[in-house]
file run-v8.txt (compact mmCIF, C-alpha atoms)
# COMPACT_ATOMS: atom_id res chain seq x y z
CA MET A 899 36.28 -25.43 10.23
CA PRO A 900 34.03 -24.22 7.43
CA PHE A 901 30.70 -22.64 8.31
CA ASN A 902 27.73 -24.55 6.95
CA ARG A 903 24.65 -22.45 7.18
CA LYS A 904 21.43 -24.31 7.92
CA LEU A 905 18.45 -23.38 5.77
CA GLN A 906 15.47 -21.92 7.59
CA LYS A 907 12.51 -23.86 6.25
CA PHE A 908 8.87 -23.11 7.00
CA ASN A 909 5.92 -25.34 6.20
CA ALA A 910 3.62 -22.31 5.93
CA LYS A 911 3.52 -19.48 3.43
CA THR A 912 1.87 -16.12 2.93
CA ASN A 913 -1.35 -16.17 0.91
CA THR A 914 -1.06 -15.18 -2.74
CA VAL A 915 -3.44 -12.37 -3.68
CA THR A 916 -3.79 -11.24 -7.28
CA ILE A 917 -4.77 -7.63 -7.96
CA GLY A 918 -6.25 -6.75 -11.33
CA THR A 919 -7.08 -8.95 -14.29
CA GLY A 920 -5.45 -10.09 -17.52
CA ASP A 921 -1.81 -9.72 -18.51
CA LYS A 922 -1.24 -6.69 -16.24
CA ALA A 923 -2.46 -8.40 -13.05
CA VAL A 924 0.07 -8.60 -10.20
CA ALA A 925 0.41 -11.20 -7.46
CA ILE A 926 1.60 -10.28 -3.99
CA GLY A 927 2.53 -12.62 -1.16
CA GLY A 928 2.90 -16.34 -1.72
CA ASN A 929 6.34 -16.64 -0.15
CA SER A 930 7.58 -19.05 2.54
CA THR A 931 10.60 -17.05 3.71
CA TYR A 932 11.35 -13.80 5.43
CA PRO A 933 11.72 -10.80 3.08
CA PHE A 934 14.54 -11.23 0.54
CA TYR A 935 15.66 -14.54 2.09
CA SER A 936 15.90 -16.16 -1.33
CA PHE A 937 18.86 -18.19 -0.02
CA ASP A 938 16.39 -20.17 2.14
CA ALA A 939 13.79 -20.82 -0.58
CA PRO A 940 12.94 -19.42 -4.00
CA THR A 941 10.91 -16.22 -4.07
CA GLU A 942 7.50 -16.94 -5.59
CA ASN A 943 6.40 -13.31 -5.95
CA THR A 944 8.70 -10.33 -5.58
CA ALA A 945 7.45 -7.22 -3.79
CA LYS A 946 5.31 -4.87 -5.87
CA ILE A 947 5.20 -1.07 -6.15
CA GLY A 948 2.21 1.17 -6.62
CA ILE A 949 2.26 4.85 -7.52
CA GLU A 950 -0.24 7.10 -5.78
CA ILE A 951 -2.36 9.85 -7.27
CA LEU A 952 -4.93 11.98 -5.44
CA ASP A 953 -8.53 12.73 -6.35
CA GLY A 954 -7.61 16.43 -6.31
CA GLY A 955 -5.12 15.96 -9.12
CA LEU A 956 -1.81 17.75 -8.66
CA GLU A 957 -3.15 20.54 -6.47
CA ASP A 958 -2.13 18.97 -3.15
CA MET A 959 0.95 17.16 -4.39
CA PRO A 960 4.46 18.24 -3.32
CA GLU A 961 6.20 20.48 -5.85
CA ALA A 962 8.80 17.79 -6.47
CA VAL A 963 6.05 15.40 -7.55
CA LYS A 964 4.12 18.00 -9.59
CA ALA A 965 7.18 18.63 -11.72
CA CYS A 966 7.07 15.03 -12.96
CA TYR A 967 3.56 15.48 -14.41
CA GLU A 968 4.18 18.46 -16.67
CA GLY A 969 1.44 18.73 -19.27
CA ALA A 970 -1.02 16.49 -17.45
CA THR A 971 -4.11 18.32 -16.24
CA THR A 972 -7.11 15.97 -16.14
CA MET A 973 -7.32 12.94 -13.85
CA ALA A 974 -7.15 10.66 -16.88
CA GLU A 975 -3.94 12.32 -18.09
CA ILE A 976 -2.41 12.17 -14.62
CA ALA A 977 -3.28 8.49 -14.30
CA LYS A 978 -1.78 7.64 -17.70
CA LYS A 979 1.38 9.55 -16.87
CA ALA A 980 1.69 7.87 -13.48
CA VAL A 981 1.58 4.32 -14.84
CA SER A 982 4.15 5.16 -17.53
CA PHE A 983 6.97 5.66 -15.01
CA GLU A 984 9.65 3.00 -14.61
CA GLY A 985 8.95 0.33 -12.00
CA VAL A 986 5.21 0.91 -11.50
CA ASP A 987 3.23 -2.31 -10.95
CA PHE A 988 -0.15 -0.82 -10.04
CA LEU A 989 -1.96 2.48 -9.59
CA ALA A 990 -3.25 3.66 -6.21
CA LEU A 991 -5.97 6.32 -6.15
CA SER A 992 -6.45 8.12 -2.83
CA LEU A 993 -9.87 9.70 -2.31
CA GLU A 994 -8.76 11.99 0.50
CA GLY A 995 -10.96 14.79 -0.88
CA GLY A 996 -13.97 12.98 0.55
CA ASP A 997 -13.00 13.80 4.13
CA PRO A 998 -15.84 15.80 5.76
CA ASN A 999 -13.18 17.78 7.61
CA GLY A 1000 -11.46 18.65 4.36
CA ALA A 1001 -12.82 19.24 0.85
CA ASN A 1002 -15.84 17.06 1.69
CA LYS A 1003 -16.45 16.02 -1.91
CA SER A 1004 -19.67 14.10 -2.48
CA VAL A 1005 -19.70 10.37 -3.09
CA ASP A 1006 -21.05 10.94 -6.60
CA GLU A 1007 -18.24 13.37 -7.40
CA LEU A 1008 -15.60 10.94 -6.19
CA ILE A 1009 -17.11 7.98 -8.04
CA ALA A 1010 -16.95 10.01 -11.26
CA ILE A 1011 -13.21 10.50 -10.63
CA VAL A 1012 -12.77 6.79 -9.90
CA LYS A 1013 -14.42 5.87 -13.19
CA GLU A 1014 -12.37 8.41 -15.14
CA VAL A 1015 -9.13 7.00 -13.75
CA ALA A 1016 -10.20 3.39 -14.22
CA ASP A 1017 -11.17 4.01 -17.85
CA ALA A 1018 -7.81 5.66 -18.55
CA VAL A 1019 -5.52 2.78 -17.48
CA ASP A 1020 -5.36 -1.00 -17.75
CA VAL A 1021 -3.06 -1.68 -14.79
CA PRO A 1022 -4.28 -3.09 -11.46
CA LEU A 1023 -6.03 -0.57 -9.22
CA VAL A 1024 -5.92 0.09 -5.49
CA VAL A 1025 -8.42 2.61 -4.11
CA GLU A 1026 -7.88 4.22 -0.72
CA GLY A 1027 -10.65 5.97 1.19
CA CYS A 1028 -10.67 9.36 2.88
CA LYS A 1029 -9.92 7.97 6.38
CA ASN A 1030 -13.30 9.07 7.75
CA VAL A 1031 -14.97 5.89 8.97
CA GLU A 1032 -18.56 6.90 8.24
CA LYS A 1033 -17.84 8.45 4.84
CA ASP A 1034 -15.70 5.50 3.77
CA SER A 1035 -18.49 3.06 4.62
CA GLU A 1036 -20.64 4.60 1.91
CA LEU A 1037 -17.90 5.70 -0.46
CA LEU A 1038 -15.95 2.47 -0.71
CA ALA A 1039 -19.09 0.39 -1.15
CA LYS A 1040 -19.86 2.56 -4.18
CA VAL A 1041 -16.27 2.19 -5.41
CA ALA A 1042 -16.57 -1.59 -5.25
CA GLU A 1043 -19.80 -1.43 -7.22
CA ALA A 1044 -18.46 1.00 -9.84
CA LEU A 1045 -15.38 -1.14 -10.55
CA GLN A 1046 -17.01 -4.55 -10.84
CA GLY A 1047 -14.92 -6.92 -12.90
CA ARG A 1048 -11.62 -5.08 -12.32
CA ASN A 1049 -10.61 -7.11 -9.23
CA VAL A 1050 -9.48 -3.98 -7.41
CA LEU A 1051 -8.10 -3.74 -3.89
CA VAL A 1052 -10.46 -1.58 -1.83
CA MET A 1053 -8.43 -0.17 1.06
CA SER A 1054 -9.37 1.49 4.35
CA GLU A 1055 -11.53 -1.23 5.90
CA LYS A 1056 -11.29 -0.75 9.67
CA GLU A 1057 -12.80 -2.47 12.68
CA GLU A 1058 -15.42 0.30 12.90
CA ASN A 1059 -16.71 -0.21 9.34
CA TYR A 1060 -15.63 -3.71 8.33
CA LYS A 1061 -19.21 -4.91 7.95
CA ALA A 1062 -20.10 -2.27 5.38
CA ILE A 1063 -16.86 -2.37 3.39
CA GLY A 1064 -16.19 -6.10 3.76
CA ALA A 1065 -19.72 -7.02 2.71
CA ALA A 1066 -19.69 -4.70 -0.30
CA ALA A 1067 -16.15 -5.23 -1.57
CA GLY A 1068 -15.46 -8.80 -0.52
CA LEU A 1069 -18.91 -10.30 -0.95
CA ALA A 1070 -21.38 -8.32 -3.06
CA TYR A 1071 -18.96 -7.11 -5.75
CA ASP A 1072 -16.17 -9.72 -5.55
CA GLN A 1073 -13.32 -7.27 -4.98
CA LEU A 1074 -10.28 -7.50 -2.70
CA VAL A 1075 -10.40 -6.07 0.82
CA GLY A 1076 -7.65 -4.00 2.43
CA ALA A 1077 -7.85 -4.51 6.21
CA GLU A 1078 -6.32 -1.50 7.99
CA SER A 1079 -5.11 -1.60 11.61
CA ALA A 1080 -2.87 0.58 13.76
CA VAL A 1081 0.60 -1.01 14.15
CA ASP A 1082 -0.47 -3.82 16.49
CA ILE A 1083 -0.36 -7.54 15.72
CA ASN A 1084 -3.44 -8.26 17.82
CA LEU A 1085 -5.50 -5.57 16.09
CA ALA A 1086 -4.39 -6.84 12.69
CA LYS A 1087 -5.35 -10.41 13.52
CA GLN A 1088 -8.68 -9.42 15.07
CA LEU A 1089 -9.72 -7.48 11.96
CA ASN A 1090 -8.84 -10.46 9.76
CA VAL A 1091 -10.84 -12.75 12.03
CA VAL A 1092 -14.02 -10.67 11.97
CA THR A 1093 -13.70 -10.03 8.23
CA THR A 1094 -13.49 -13.75 7.48
CA GLN A 1095 -16.35 -14.43 9.91
CA LEU A 1096 -18.36 -12.01 7.80
CA GLY A 1097 -17.84 -14.43 4.92
CA VAL A 1098 -14.94 -12.81 3.06
CA ASN A 1099 -12.47 -15.36 1.70
CA ALA A 1100 -9.12 -15.09 3.48
CA GLN A 1101 -7.46 -15.31 0.05
CA LYS A 1102 -9.08 -11.96 -0.86
CA ILE A 1103 -7.73 -9.98 2.11
CA VAL A 1104 -4.62 -7.81 2.12
CA MET A 1105 -3.39 -6.23 5.36
CA ASN A 1106 -2.37 -2.63 5.90
CA VAL A 1107 -0.92 -3.00 9.38
CA GLY A 1108 0.06 0.66 9.63
CA SER A 1109 3.35 2.44 9.10
CA ALA A 1110 5.29 5.57 9.89
CA CYS A 1111 7.97 7.59 8.20
CA ALA A 1112 11.45 6.28 8.98
CA GLY A 1113 12.64 8.02 12.13
CA TYR A 1114 9.13 8.60 13.49
CA GLY A 1115 8.53 5.80 15.98
CA TYR A 1116 9.48 3.38 13.26
CA GLU A 1117 10.63 0.68 15.70
CA TYR A 1118 6.96 -0.13 16.33
CA VAL A 1119 6.45 -0.80 12.63
CA VAL A 1120 9.49 -3.06 12.48
CA SER A 1121 8.47 -5.11 15.51
CA THR A 1122 4.84 -5.44 14.35
CA MET A 1123 5.66 -6.60 10.82
CA ASP A 1124 8.39 -8.92 12.10
CA ARG A 1125 6.01 -10.53 14.61
CA ILE A 1126 3.32 -10.94 11.96
CA LYS A 1127 5.73 -12.66 9.56
CA GLY A 1128 7.05 -14.83 12.38
CA ALA A 1129 3.56 -15.92 13.43
CA SER A 1130 2.36 -16.51 9.86
CA LEU A 1131 5.35 -18.63 8.86
CA GLY A 1132 6.70 -20.09 12.09
CA GLN A 1133 3.35 -20.73 13.79
CA SER A 1134 1.23 -21.25 10.64
CA ASP A 1135 -1.27 -18.68 11.91
CA ALA A 1136 -3.85 -18.55 9.10
CA MET A 1137 -5.26 -15.25 10.35
CA LEU A 1138 -1.90 -13.54 9.83
CA GLN A 1139 -0.95 -15.08 6.48
CA MET A 1140 -2.50 -12.32 4.39
CA PRO A 1141 0.08 -10.28 2.43
CA ILE A 1142 0.90 -6.77 3.65
CA ILE A 1143 0.60 -3.55 1.66
CA THR A 1144 1.99 -0.28 3.01
CA PRO A 1145 0.96 3.22 1.86
CA VAL A 1146 4.34 4.89 2.33
CA ALA A 1147 3.65 8.17 0.52
CA ALA A 1148 0.95 9.35 2.91
CA GLU A 1149 3.33 8.95 5.85
CA VAL A 1150 6.38 10.54 4.27
CA TRP A 1151 5.50 13.71 2.40
CA GLY A 1152 3.96 15.51 5.37
CA VAL A 1153 6.87 15.21 7.82
CA LYS A 1154 9.07 18.24 8.38
CA GLU A 1155 12.13 16.75 6.67
CA ALA A 1156 10.11 16.38 3.46
CA SER A 1157 8.16 19.64 3.71
CA ALA A 1158 10.24 22.33 5.45
CA SER A 1159 11.40 24.94 2.94
CA GLU A 1160 15.03 25.42 2.01
CA GLU A 1161 14.78 28.99 3.30
CA SER A 1162 13.77 27.87 6.77
CA MET A 1163 16.15 24.88 6.91
CA PRO A 1164 19.04 25.61 4.53
CA GLU A 1165 21.32 23.14 6.30
CA TRP A 1166 19.03 20.29 5.23
CA GLY A 1167 19.74 20.80 1.56
CA SER A 1168 17.43 20.35 -1.41
CA LEU A 1169 13.74 20.04 -0.50
CA ALA A 1170 12.98 17.77 -3.47
CA GLU A 1171 15.85 15.43 -2.68
CA ARG A 1172 14.87 15.24 0.99
CA GLY A 1173 11.37 14.06 0.20
CA ILE A 1174 12.60 11.45 -2.25
CA ASP A 1175 15.25 10.23 0.20
CA MET A 1176 12.71 9.88 3.00
CA GLU A 1177 10.34 7.98 0.74
CA ILE A 1178 13.06 5.59 -0.45
CA MET A 1179 14.36 4.92 3.05
CA THR A 1180 10.89 4.25 4.44
CA ALA A 1181 9.87 1.99 1.56
CA ALA A 1182 13.10 0.00 1.77
CA ALA A 1183 12.63 -0.46 5.51
CA ASP A 1184 8.99 -1.54 5.08
CA LEU A 1185 9.95 -4.14 2.49
CA ALA A 1186 12.84 -5.43 4.60
CA CYS A 1187 10.65 -5.96 7.65
CA GLY A 1188 7.71 -7.63 5.97
CA SER A 1189 5.65 -5.59 3.52
CA ASP A 1190 4.75 -7.32 0.25
CA ALA A 1191 3.85 -4.09 -1.58
CA VAL A 1192 4.43 -0.37 -1.07
CA ILE A 1193 2.67 2.73 -2.39
CA LEU A 1194 4.90 5.68 -3.36
CA ARG A 1195 4.45 9.07 -5.07
CA HIS A 1196 7.70 10.18 -6.67
CA PRO A 1197 8.82 8.39 -9.86
CA THR A 1198 12.46 8.44 -8.71
CA SER A 1199 11.45 6.63 -5.51
CA VAL A 1200 9.54 4.05 -7.53
CA ALA A 1201 12.43 3.41 -9.91
CA THR A 1202 14.97 3.18 -7.08
CA ILE A 1203 12.92 0.73 -5.01
CA SER A 1204 12.19 -1.31 -8.13
CA LYS A 1205 15.92 -1.68 -8.76
CA MET A 1206 16.47 -2.64 -5.11
CA ILE A 1207 13.82 -5.36 -5.29
CA LYS A 1208 15.33 -6.82 -8.47
CA ALA A 1209 18.84 -6.75 -7.00
CA LEU A 1210 17.78 -8.60 -3.84
CA ALA A 1211 15.26 -11.01 -5.36
call {"tool": "encode", "arguments": {"input": "run-v8.txt", "output": "structure tokens"}}
result
Amino acid sequence: MPFNRKLQKFNAKTNTVTIGTGDKAVAIGGNSTYPFYSFDAPTENTAKIGIEILDGGLEDMPEAVKACYEGATTMAEIAKKAVSFEGVDFLALSLEGGDPNGANKSVDELIAIVKEVADAVDVPLVVEGCKNVEKDSELLAKVAEALQGRNVLVMSEKEENYKAIGAAAGLAYDQLVGAESAVDINLAKQLNVVTTQLGVNAQKIVMNVGSACAGYGYEYVVSTMDRIKGASLGQSDAMLQMPIITPVAAEVWGVKEASASEESMPEWGSLAERGIDMEIMTAAADLACGSDAVILRHPTSVATISKMIKALA
């Protein structure tokens, strides 16, 4: 007897959120199937890839990444080089130098960097904060103001500062809001609820539900994203239908497999290849379990994941 597979149809779909403006704008979300289930229904928007640069330039980048930016010294040059690599859909600027426990750069200094990068490229922009709740409240509000008209995604809104960031980015300056929670479906939903209650349009919210490098408690990431997709599609839960973006690079390049020297761990092989492999594996897993966009650092990782997305679309 032949096997006749029954299509899995959902009446709900993920929200479509467009980042950027003009011909280079990218749409994420908008699909009514599980990731890569194009045999159940056509894919409206394939997953997108961002490439990450840091406010400190190449100084804190892994050597394997630095080597790809030979000749680029200013932030503008680094940004232009980054968006020229194969498979890049958008540029993600991380303002980690603002962390009071790190370089503690001033808000004015960081905004100058943001403007330099924004003026150098015409692709969609995603701006991540420094992960310090208090500093990000001030910093990201200024970012939203400085980039008016660019329809940027302002990341790093958390439950502790959603009023400041949500009001500035999502209301005052008409930007997109990246709602960040810690690998828990209930936390993700709660942040979306309070952000919309603030007045932010649900169609302008993108979720960062948390991640981990593959092999580092990654089963929690899989179960969380899978439950979110199941609730958004199967239960038509409007507060979980926002698309998901995952900053993979920040999770990957600091783990020991991607950072331990070849001298200390010769049996692990090439340091550069290890980092790239970890980034590719983590990004592929994130996309397979529910992420609509990933943020990577190495051009080889970007190109490889881009080819994977096209092959499975």
call {"tool": "atom_distance", "arguments": {"input": "run-v8.txt", "atom1": "CA of Asp1190 (chain A)", "atom2": "CA of Ala1065 (chain A)"}}
result
24.6 Å
call {"tool": "atom_distance", "arguments": {"input": "run-v8.txt", "atom1": "CA of Val1146 (chain A)", "atom2": "CA of Glu1177 (chain A)"}}
result
6.9 Å
call {"tool": "residues_around", "arguments": {"input": "run-v8.txt", "residues": "region 1083-1091 of chain A", "least_positions_apart": "4", "cutoff": "6 Å", "atoms": "only C-alpha atoms", "output": "ChimeraX atom specification"}}
result
/A:1057,1079,1122,1137-1138
call {"tool": "atom_distance", "arguments": {"input": "run-v8.txt", "atom1": "CA of Leu1074 (chain A)", "atom2": "CA of Lys1033 (chain A)"}}
result
19.2 Å
call {"tool": "closest_residue", "arguments": {"input": "run-v8.txt", "among": "A:Met1206, A:Ala1018, A:Ala1067, A:Cys1111", "to": "Leu1096 (chain A)", "atoms": "all atoms listed in the file"}}
result
A:Ala1067
call {"tool": "residues_around", "arguments": {"input": "run-v8.txt", "residues": "Asn929 (chain A)", "least_positions_apart": "6", "cutoff": "7 Å", "atoms": "all atoms listed in the file", "output": "VMD selection string"}}
result
chain A and resid 911 to 912 941 to 943
call {"tool": "residues_around", "arguments": {"input": "run-v8.txt", "residues": "Met973 (chain A)", "least_positions_apart": "6", "cutoff": "8 Å", "atoms": "only C-alpha atoms", "output": "short mmCIF file (atom, residue, chain, number, x, y, z; two decimals) with C-alpha atoms, in the coordinates of the input"}}
result
data_model
loop_
_atom_site.label_atom_id
_atom_site.label_comp_id
_atom_site.auth_asym_id
_atom_site.auth_seq_id
_atom_site.Cartn_x
_atom_site.Cartn_y
_atom_site.Cartn_z
CA ASP A 953 -8.53 12.73 -6.35
CA GLY A 955 -5.12 15.96 -9.12
CA ILE A 1011 -13.21 10.50 -10.63
CA GLU A 1014 -12.37 8.41 -15.14
CA VAL A 1015 -9.13 7.00 -13.75
#
call {"tool": "closest_residue", "arguments": {"input": "run-v8.txt", "among": "A:Lys964, A:Lys922, A:Arg1172, A:Arg1125", "to": "Lys1154 (chain A)", "atoms": "only C-alpha atoms"}}
result
A:Arg1172
call {"tool": "closest_residue", "arguments": {"input": "run-v8.txt", "among": "A:Leu1210, A:Ala977, A:Ile947, A:Val1005", "to": "Cys1028 (chain A)", "atoms": "all atoms listed in the file"}}
result
A:Val1005
call {"tool": "residues_around", "arguments": {"input": "run-v8.txt", "residues": "region 1099-1101 of chain A", "least_positions_apart": "5", "cutoff": "10 Å", "atoms": "all atoms listed in the file", "output": "list in words"}}
result
Thr912, Asn913, Thr914, Val915, Thr916, Gly1068, Leu1069, Asp1072, Leu1074, Val1075, Asn1090, Val1091, Thr1093, Thr1094, Ala1136, Met1137, Leu1138, Gln1139, Met1140 and Pro1141 of chain A
call {"tool": "closest_residue", "arguments": {"input": "run-v8.txt", "among": "A:Ile1174, A:Ile1103, A:Ala1201, A:Ile1207", "to": "Val1150 (chain A)", "atoms": "all atoms listed in the file"}}
result
A:Ile1174
